[in-house]
file run-v1.txt (compact mmCIF, C-alpha atoms and all ligand atoms)
# COMPACT_ATOMS: atom_id res chain seq x y z
CA MET A 1 58.51 125.05 76.26
CA SER A 2 61.67 123.24 75.14
CA ASN A 3 62.53 119.61 74.64
CA ARG A 4 65.60 118.05 76.23
CA ARG A 5 67.02 114.87 74.72
CA TRP A 6 70.03 112.56 74.94
CA VAL A 7 71.79 111.82 71.68
CA LEU A 8 74.58 109.32 71.04
CA ALA A 9 77.84 111.26 71.13
CA SER A 10 80.29 108.39 70.53
CA ARG A 11 80.33 104.61 70.34
CA PRO A 12 81.66 102.88 73.47
CA VAL A 13 84.51 100.41 73.20
CA GLY A 14 84.13 98.23 76.28
CA PRO A 15 82.08 99.66 79.18
CA VAL A 16 79.67 102.54 78.47
CA SER A 17 80.54 105.92 79.99
CA GLU A 18 78.48 109.09 80.43
CA ALA A 19 80.75 110.74 77.84
CA ASN A 20 79.12 108.52 75.19
CA PHE A 21 75.96 110.66 75.50
CA HIS A 22 75.23 114.31 74.88
CA LEU A 23 72.26 116.23 76.32
CA GLU A 24 70.79 118.80 73.94
CA GLU A 25 67.90 121.25 74.00
CA LYS A 26 65.53 121.65 71.02
CA PRO A 27 62.12 123.18 70.44
CA VAL A 28 59.19 120.87 71.21
CA PRO A 29 58.15 119.32 67.86
CA ARG A 30 54.65 119.96 66.43
CA PRO A 31 52.56 116.99 65.29
CA ALA A 32 51.93 116.58 61.55
CA GLU A 33 48.64 115.24 60.17
CA GLY A 34 48.14 111.70 61.60
CA GLU A 35 50.53 112.28 64.54
CA VAL A 36 50.30 113.00 68.27
CA LEU A 37 52.57 115.08 70.46
CA VAL A 38 53.40 113.11 73.62
CA ARG A 39 54.83 114.32 76.90
CA ASN A 40 56.91 111.38 78.07
CA LEU A 41 56.40 110.46 81.72
CA TRP A 42 58.48 107.25 81.86
CA LEU A 43 61.46 106.02 79.87
CA SER A 44 62.37 102.35 79.86
CA LEU A 45 66.08 101.50 80.12
CA ASP A 46 66.87 98.10 78.61
CA PRO A 47 70.05 96.06 78.04
CA TYR A 48 69.42 95.92 74.24
CA MET A 49 70.30 99.64 74.09
CA ARG A 50 73.96 98.68 74.52
CA GLY A 51 73.78 96.89 71.17
CA ARG A 52 72.16 99.93 69.53
CA MET A 53 75.15 102.06 70.57
CA SER A 54 77.31 99.86 68.37
CA ASP A 55 77.43 99.72 64.58
CA ALA A 56 78.08 95.95 64.55
CA LYS A 57 75.60 93.90 62.50
CA SER A 58 72.59 92.88 64.60
CA TYR A 59 68.89 92.15 64.27
CA VAL A 60 68.15 95.92 64.23
CA LYS A 61 70.25 98.82 62.94
CA GLY A 62 72.19 100.84 65.54
CA VAL A 63 71.63 104.49 66.54
CA GLU A 64 73.65 106.95 64.45
CA ILE A 65 75.98 109.44 66.13
CA GLY A 66 73.94 112.57 66.88
CA GLU A 67 70.63 110.67 66.86
CA VAL A 68 68.33 110.48 69.89
CA MET A 69 68.96 107.29 71.91
CA VAL A 70 66.24 104.73 71.24
CA GLY A 71 63.85 103.63 73.93
CA GLN A 72 60.27 102.88 74.73
CA THR A 73 58.34 105.56 76.57
CA ALA A 74 55.00 105.90 78.32
CA GLY A 75 53.33 109.28 78.37
CA GLU A 76 50.36 111.56 77.85
CA VAL A 77 49.00 112.91 74.57
CA LEU A 78 49.28 116.74 74.65
CA GLU A 79 48.12 117.46 71.12
CA SER A 80 46.46 115.19 68.58
CA ARG A 81 46.11 115.14 64.81
CA HIS A 82 45.57 111.38 64.97
CA ALA A 83 42.26 109.73 63.99
CA SER A 84 41.80 107.64 67.14
CA LEU A 85 43.95 109.20 69.88
CA LYS A 86 42.84 112.24 71.86
CA VAL A 87 44.40 114.74 74.23
CA GLY A 88 44.86 113.17 77.67
CA ASP A 89 45.19 109.58 76.40
CA MET A 90 47.98 107.58 78.06
CA VAL A 91 50.13 105.92 75.43
CA LEU A 92 53.17 103.74 74.81
CA ALA A 93 55.54 104.84 72.06
CA GLN A 94 59.11 104.47 70.84
CA LEU A 95 60.12 108.08 71.45
CA GLY A 96 63.55 107.51 72.95
CA TRP A 97 65.51 109.41 75.60
CA GLN A 98 63.65 112.73 75.48
CA LEU A 99 60.90 114.68 77.22
CA TYR A 100 58.59 115.17 74.24
CA GLY A 101 58.12 113.48 70.89
CA VAL A 102 55.75 113.15 67.96
CA THR A 103 54.61 109.85 66.50
CA ARG A 104 51.85 108.21 64.49
CA ASP A 105 52.45 104.82 66.18
CA ALA A 106 51.42 105.39 69.80
CA ILE A 107 49.41 102.64 71.52
CA LYS A 108 46.74 103.59 74.02
CA VAL A 109 47.02 101.80 77.38
CA ASP A 110 44.43 100.98 79.99
CA GLU A 111 45.61 102.36 83.34
CA SER A 112 42.73 100.70 85.16
CA ARG A 113 44.46 97.29 84.70
CA ALA A 114 47.95 98.31 85.85
CA PRO A 115 49.94 101.50 86.55
CA LEU A 116 51.28 103.23 83.42
CA SER A 117 54.92 102.28 84.08
CA TYR A 118 54.03 98.55 84.23
CA TYR A 119 53.36 98.70 80.46
CA LEU A 120 57.13 99.11 80.04
CA GLY A 121 57.82 96.02 82.16
CA LEU A 122 55.54 93.29 83.42
CA MET A 123 52.78 94.22 80.94
CA GLY A 124 55.20 95.32 78.23
CA MET A 125 58.19 94.15 76.22
CA PRO A 126 59.99 92.31 79.08
CA GLY A 127 56.76 90.54 80.12
CA MET A 128 56.10 89.50 76.49
CA THR A 129 59.68 88.21 76.25
CA ALA A 130 59.24 86.09 79.37
CA TYR A 131 55.85 84.77 78.28
CA PHE A 132 56.67 83.75 74.69
CA GLY A 133 60.25 82.71 75.44
CA LEU A 134 59.17 80.33 78.18
CA LYS A 135 55.88 79.13 76.70
CA GLU A 136 56.84 78.69 73.07
CA LEU A 137 60.59 78.04 73.15
CA GLY A 138 61.02 76.56 76.63
CA GLN A 139 57.80 74.51 76.42
CA PRO A 140 57.87 73.62 80.14
CA LYS A 141 55.84 70.67 81.39
CA PRO A 142 54.53 70.34 84.96
CA GLY A 143 57.14 68.79 87.25
CA GLU A 144 60.09 69.92 85.11
CA THR A 145 62.92 72.13 86.40
CA VAL A 146 63.21 75.59 84.86
CA VAL A 147 66.30 77.69 85.57
CA VAL A 148 66.48 81.39 84.70
CA SER A 149 69.42 83.80 85.01
CA ALA A 150 69.15 87.52 85.87
CA ALA A 151 66.26 86.16 87.94
CA SER A 152 65.43 89.31 89.91
CA GLY A 153 65.20 91.43 86.75
CA ALA A 154 62.43 92.51 84.42
CA VAL A 155 62.38 89.38 82.25
CA GLY A 156 63.79 86.81 84.68
CA SER A 157 61.37 87.58 87.52
CA VAL A 158 58.41 86.92 85.23
CA VAL A 159 59.94 83.75 83.73
CA GLY A 160 60.36 82.11 87.15
CA GLN A 161 56.91 83.10 88.37
CA LEU A 162 55.30 81.77 85.18
CA ALA A 163 57.26 78.52 85.60
CA LYS A 164 55.76 78.17 89.11
CA ILE A 165 52.24 79.01 87.90
CA TRP A 166 52.63 76.37 85.18
CA GLY A 167 53.61 73.68 87.69
CA CYS A 168 57.41 73.58 87.40
CA ARG A 169 60.28 73.79 89.84
CA ALA A 170 61.69 77.31 89.38
CA VAL A 171 65.34 78.03 90.13
CA GLY A 172 66.80 81.51 89.76
CA ILE A 173 70.36 82.72 89.36
CA ALA A 174 71.11 86.22 90.63
CA GLY A 175 73.97 88.34 91.91
CA GLY A 176 74.17 88.68 95.71
CA PRO A 177 72.22 87.55 98.79
CA GLU A 178 69.69 90.41 98.70
CA LYS A 179 68.52 89.62 95.17
CA CYS A 180 68.49 85.87 95.90
CA SER A 181 66.41 86.37 99.01
CA TYR A 182 63.91 88.48 97.04
CA VAL A 183 63.71 85.83 94.31
CA LYS A 184 62.90 83.11 96.86
CA GLN A 185 60.89 84.92 99.53
CA ASP A 186 58.98 87.47 97.47
CA LEU A 187 58.75 85.88 94.04
CA GLY A 188 58.28 82.33 95.35
CA PHE A 189 61.00 80.53 93.36
CA ASP A 190 62.02 77.16 94.85
CA ALA A 191 65.69 78.11 94.99
CA CYS A 192 68.06 80.87 93.93
CA ILE A 193 71.76 80.55 93.22
CA ASP A 194 74.08 83.45 94.01
CA TYR A 195 76.56 83.25 91.14
CA LYS A 196 78.79 85.83 92.81
CA ALA A 197 79.30 83.47 95.79
CA GLY A 198 81.32 81.03 93.62
CA ALA A 199 81.01 77.23 93.34
CA LEU A 200 78.34 77.66 90.66
CA ARG A 201 78.35 74.03 89.53
CA GLU A 202 78.00 72.71 93.11
CA GLN A 203 75.21 75.19 93.89
CA LEU A 204 73.46 74.20 90.66
CA LYS A 205 73.64 70.52 91.50
CA GLU A 206 72.14 71.14 94.90
CA ALA A 207 69.34 73.39 93.58
CA CYS A 208 68.52 71.08 90.64
CA PRO A 209 68.83 67.52 91.96
CA LYS A 210 66.93 66.16 88.94
CA GLY A 211 68.92 68.18 86.39
CA VAL A 212 67.56 71.04 84.27
CA ASP A 213 64.85 70.71 81.61
CA VAL A 214 64.58 74.36 80.55
CA TYR A 215 67.29 77.00 80.85
CA PHE A 216 66.13 80.54 80.09
CA ASP A 217 69.42 82.29 79.42
CA ASN A 218 69.58 86.03 79.96
CA VAL A 219 73.31 86.29 80.53
CA GLY A 220 75.48 83.85 78.47
CA GLY A 221 79.12 83.43 79.55
CA GLU A 222 80.27 81.06 82.26
CA ILE A 223 76.75 80.64 83.63
CA LEU A 224 75.62 79.26 80.26
CA ASP A 225 78.58 76.89 80.23
CA ALA A 226 77.65 75.55 83.67
CA LEU A 227 74.00 75.14 82.67
CA LEU A 228 74.68 73.31 79.42
CA ALA A 229 76.59 70.73 81.41
CA ARG A 230 73.63 70.25 83.79
CA MET A 231 70.84 69.91 81.19
CA ASN A 232 68.68 66.78 80.97
CA LEU A 233 68.14 64.77 77.79
CA PHE A 234 66.05 66.72 75.26
CA GLY A 235 66.24 69.88 77.38
CA ARG A 236 65.52 73.31 75.90
CA VAL A 237 67.75 76.38 76.12
CA VAL A 238 66.07 79.72 75.41
CA VAL A 239 68.78 82.14 74.28
CA CYS A 240 67.26 85.47 75.27
CA GLY A 241 70.28 87.63 76.12
CA THR A 242 74.03 87.58 76.76
CA ILE A 243 74.35 90.56 79.10
CA SER A 244 77.63 89.27 80.60
CA ASP A 245 79.14 90.00 77.18
CA TYR A 246 77.54 93.31 76.22
CA ASN A 247 80.51 95.43 77.31
CA ALA A 248 83.13 92.88 76.25
CA THR A 249 85.51 93.61 73.40
CA GLU A 250 85.94 89.86 72.71
CA PRO A 251 82.92 87.51 72.77
CA TYR A 252 82.86 84.73 75.37
CA ARG A 253 83.61 81.33 73.87
CA VAL A 254 81.33 78.54 75.10
CA ARG A 255 83.28 75.51 76.34
CA THR A 256 80.51 72.97 76.94
CA TRP A 257 79.09 73.04 73.39
CA ARG A 258 79.39 69.23 73.23
CA ALA A 259 76.66 68.95 75.90
CA ILE A 260 74.18 70.03 73.20
CA LEU A 261 75.03 66.91 71.21
CA VAL A 262 75.25 64.52 74.13
CA ASN A 263 71.96 65.67 75.68
CA ARG A 264 70.18 66.30 72.33
CA LEU A 265 69.32 69.84 73.45
CA ARG A 266 67.27 72.32 71.52
CA VAL A 267 68.97 75.72 71.72
CA GLN A 268 66.91 78.52 70.21
CA GLY A 269 67.34 82.27 69.97
CA MET A 270 64.44 84.48 71.00
CA ILE A 271 63.59 87.97 69.73
CA VAL A 272 60.41 89.32 71.28
CA PHE A 273 59.07 91.16 68.25
CA ASP A 274 58.80 87.87 66.32
CA TRP A 275 55.72 87.40 68.52
CA LYS A 276 54.13 90.82 67.99
CA ASP A 277 51.00 89.37 66.37
CA ARG A 278 50.27 87.57 69.65
CA TYR A 279 51.05 90.36 72.17
CA GLY A 280 47.32 90.58 72.95
CA GLU A 281 47.33 86.97 74.20
CA ALA A 282 50.32 87.62 76.49
CA LEU A 283 48.83 90.86 77.80
CA LYS A 284 45.57 89.09 78.64
CA THR A 285 47.32 86.21 80.42
CA LEU A 286 49.84 88.35 82.32
CA GLY A 287 47.14 90.90 83.18
CA GLY A 288 44.93 88.06 84.46
CA TYR A 289 47.66 86.59 86.67
CA PHE A 290 48.53 90.07 87.96
CA ALA A 291 44.89 90.78 88.82
CA GLN A 292 44.74 87.46 90.69
CA GLY A 293 47.81 88.42 92.73
CA LYS A 294 49.91 85.64 91.17
CA LEU A 295 52.62 87.90 89.74
CA ARG A 296 54.85 90.13 91.88
CA TYR A 297 56.86 92.87 90.25
CA ARG A 298 59.48 95.40 91.28
CA GLU A 299 60.77 98.61 89.69
CA SER A 300 64.10 100.41 90.00
CA VAL A 301 63.52 104.11 89.37
CA VAL A 302 66.01 106.83 88.41
CA HIS A 303 64.63 110.37 88.67
CA GLY A 304 65.02 112.94 85.89
CA LEU A 305 66.07 112.67 82.25
CA GLU A 306 69.52 114.02 83.13
CA ASN A 307 70.21 110.80 85.07
CA ALA A 308 69.31 108.41 82.22
CA PRO A 309 72.94 107.61 81.22
CA ARG A 310 73.86 106.85 84.85
CA GLY A 311 70.79 104.60 85.19
CA PHE A 312 71.70 102.78 82.01
CA ILE A 313 75.32 102.20 83.08
CA ASP A 314 74.09 100.92 86.46
CA LEU A 315 71.68 98.54 84.70
CA LEU A 316 74.52 96.97 82.74
CA ASP A 317 76.48 96.67 86.00
CA GLY A 318 73.57 94.89 87.73
CA LYS A 319 72.94 97.76 90.17
CA ASN A 320 69.25 97.80 89.20
CA PHE A 321 66.88 95.75 91.34
CA GLY A 322 63.84 95.04 89.17
CA LYS A 323 62.71 96.74 85.96
CA GLN A 324 64.90 99.83 85.31
CA LEU A 325 62.96 103.01 84.53
CA VAL A 326 63.54 106.75 84.37
CA LYS A 327 60.76 108.91 85.83
CA LEU A 328 60.85 111.93 83.55
CA GLN A 329 58.45 114.32 85.27
CA PRO A 330 58.57 115.30 88.96
N1 LIG A 401 65.69 88.62 73.06
C1 LIG A 401 64.77 89.50 73.40
O1 LIG A 401 63.81 89.76 72.69
C2 LIG A 401 64.95 90.22 74.72
C3 LIG A 401 63.98 91.09 75.21
C4 LIG A 401 64.19 91.68 76.48
C5 LIG A 401 65.35 91.41 77.18
N2 LIG A 401 66.29 90.57 76.63
C6 LIG A 401 67.51 90.24 77.37
O2 LIG A 401 67.14 89.67 78.59
C7 LIG A 401 68.14 89.93 79.57
C8 LIG A 401 67.50 90.56 80.80
O3 LIG A 401 66.95 91.82 80.43
P1 LIG A 401 66.10 92.66 81.48
O4 LIG A 401 65.54 93.81 80.75
O5 LIG A 401 65.20 91.75 82.23
O6 LIG A 401 67.25 93.20 82.45
P2 LIG A 401 67.34 92.98 84.04
O7 LIG A 401 67.44 91.52 84.29
O8 LIG A 401 66.26 93.73 84.71
O9 LIG A 401 68.71 93.68 84.36
C9 LIG A 401 69.91 93.16 83.91
C10 LIG A 401 70.51 92.19 84.95
O10 LIG A 401 71.52 91.40 84.32
C11 LIG A 401 72.36 90.90 85.32
N3 LIG A 401 73.76 90.91 84.89
C12 LIG A 401 74.50 91.98 84.49
N4 LIG A 401 75.74 91.59 84.22
C13 LIG A 401 75.81 90.27 84.46
C14 LIG A 401 76.84 89.28 84.37
N5 LIG A 401 78.08 89.62 83.97
N6 LIG A 401 76.55 88.01 84.69
C15 LIG A 401 75.32 87.67 85.10
N7 LIG A 401 74.28 88.55 85.20
C16 LIG A 401 74.54 89.83 84.89
C17 LIG A 401 72.19 91.81 86.55
O11 LIG A 401 71.58 91.06 87.56
P3 LIG A 401 72.46 90.37 88.72
O12 LIG A 401 72.71 91.45 89.73
O13 LIG A 401 71.60 89.28 89.19
O14 LIG A 401 73.74 89.94 88.09
C18 LIG A 401 71.25 92.91 86.07
O15 LIG A 401 70.40 93.34 87.09
C19 LIG A 401 69.19 90.82 78.87
O16 LIG A 401 70.23 90.00 78.40
C20 LIG A 401 68.41 91.40 77.71
O17 LIG A 401 69.24 91.77 76.64
C21 LIG A 401 66.11 89.99 75.43

call {"tool": "encode", "arguments": {"input": "run-v1.txt", "output": "structure tokens"}}
result
Amino acid sequence: MSNRRWVLASRPVGPVSEANFHLEEKPVPRPAEGEVLVRNLWLSLDPYMRGRMSDAKSYVKGVEIGEVMVGQTAGEVLESRHASLKVGDMVLAQLGWQLYGVTRDAIKVDESRAPLSYYLGLMGMPGMTAYFGLKELGQPKPGETVVVSAASGAVGSVVGQLAKIWGCRAVGIAGGPEKCSYVKQDLGFDACIDYKAGALREQLKEACPKGVDVYFDNVGGEILDALLARMNLFGRVVVCGTISDYNATEPYRVRTWRAILVNRLRVQGMIVFDWKDRYGEALKTLGGYFAQGKLRYRESVVHGLENAPRGFIDLLDGKNFGKQLVKLQP
């Protein structure tokens, strides 16, 4: 039995290419005392991985050249020298882009509540991001207008649905008619703006006749500029991601900064693991809404570890439709 894994071969300058990764074959590692050996079944692909390919200063250190690409995985315990995990347990772990891995920090998941892969999305890091970002930073009140960008994606789809559940008007922003139709028809948002269709400011005005109280920003760039100009007095901007910039060699410069002053906005950055002590609360709430049929969720699946780099590049290009995953085992 051998382990295949993707390591970082070089740091991208501008868009990521498959040449930035190298696939290598190693023996399957053996667990030390206190560890489990996990066969990974699912790998989560997430936009933050672009930042980890860089050595620029960030909130977490980047991956070194030759190191396995980081990533959260869901899999099955094959061998255990851990006090509370046993062979056959289904677990979440940070094992990266590889088929097998050893860890002492795996978390057992309950597959009776949701399929295993959902713990990488709706019931996992993206779901937690949506829940705490909207609830604690956005602080939406019933009747207010909440706008979210990358609205058909892992985080955005949950943000808009939570806004609806909590009594708000939910407006999405997404790329293309197919995604916008999904956001409105399937996810139940009140409106969705296709930013690729142009006339963003006019579309925004039409979709948000009473202005915007909460903007959950997943993308930054020109969309952020347009939103800042449309915010209501004392509005809140949740700065969750700037994906429009991740492949850029020069950062986008915001032009409507003055709107923060004029509208007395609160603009706050969000990093999900600041909320790790309260993940249980989010899991219970999201799990409850899911069980009641109040949360819809979609996955975009790439098959086989060998296709992970392609899946990741497509995610950054917006070719994913829902939470991007790699299914590692046939
Ligand atoms: N701060 C945190 O703790 C935290 C945690 C998780 C995620 N995030 C951030 O949240 C954002 C969404 O992450 P996700 O995992 O839910 O990904 P996702 O929305 O499932 O996928 C990314 C989406 O971004 C959109 N996009 C790509 N380039 C764009 C551009 N130039 N302009 C506008 N939209 C663009 C694409 O949708 P369209 O086709 O609609 O353009 C693409 O499908 C990312 O910025 C990510 O870094 C932050």

call {"tool": "atom_distance", "arguments": {"input": "run-v1.txt", "atom1": "atom CA of Gly14 of chain A", "atom2": "atom CA of Tyr246 of chain A"}}
result
8.2 Å

call {"tool": "closest_residue", "arguments": {"input": "run-v1.txt", "among": "A:Val326, A:Leu305, A:Ala248, A:Met69", "to": "ligand LIG 401 (chain A)", "atoms": "all atoms listed in the file"}}
result
A:Ala248

call {"tool": "atom_distance", "arguments": {"input": "run-v1.txt", "atom1": "atom CA of Arg264 of chain A", "atom2": "atom CA of Ala170 of chain A"}}
result
22.0 Å

call {"tool": "residues_near_ligand", "arguments": {"input": "run-v1.txt", "ligand": "ligand LIG 401 (chain A)", "cutoff": "7 Å", "atoms": "only C-alpha atoms and all ligand atoms", "output": "ChimeraX atom specification"}}
result
/A:46-48,125-126,129,149-156,173-176,179,218-219,240-245,270-273,315-324

call {"tool": "residues_around", "arguments": {"input": "run-v1.txt", "residues": "Lys108 of chain A", "least_positions_apart": "4", "cutoff": "10 Å", "atoms": "only C-alpha atoms", "output": "list in words"}}
result
Ala74, Gly75, Glu76, Val77, Ser84, Leu85, Lys86, Asp89, Met90, Val91, Leu92 and Ala93 of chain A

call {"tool": "atom_distance", "arguments": {"input": "run-v1.txt", "atom1": "atom CA of Leu23 of chain A", "atom2": "atom CA of Trp6 of chain A"}}
result
4.5 Å

call {"tool": "closest_residue", "arguments": {"input": "run-v1.txt", "among": "A:Ser80, A:Ser117, A:Ser44, A:Ser10", "to": "Glu64 of chain A", "atoms": "only C-alpha atoms"}}
result
A:Ser10

call {"tool": "closest_residue", "arguments": {"input": "run-v1.txt", "among": "A:Val254, A:Leu228, A:Leu37, A:Met49", "to": "Val102 of chain A", "atoms": "only C-alpha atoms"}}
result
A:Leu37

call {"tool": "closest_residue", "arguments": {"input": "run-v1.txt", "among": "A:Val13, A:Phe189, A:Ala199, A:Glu136", "to": "Glu250 of chain A", "atoms": "all atoms listed in the file"}}
result
A:Val13

call {"tool": "closest_residue", "arguments": {"input": "run-v1.txt", "among": "A:Ile107, A:Leu78, A:Leu45, A:Ala9", "to": "Pro31 of chain A", "atoms": "all atoms listed in the file"}}
result
A:Leu78
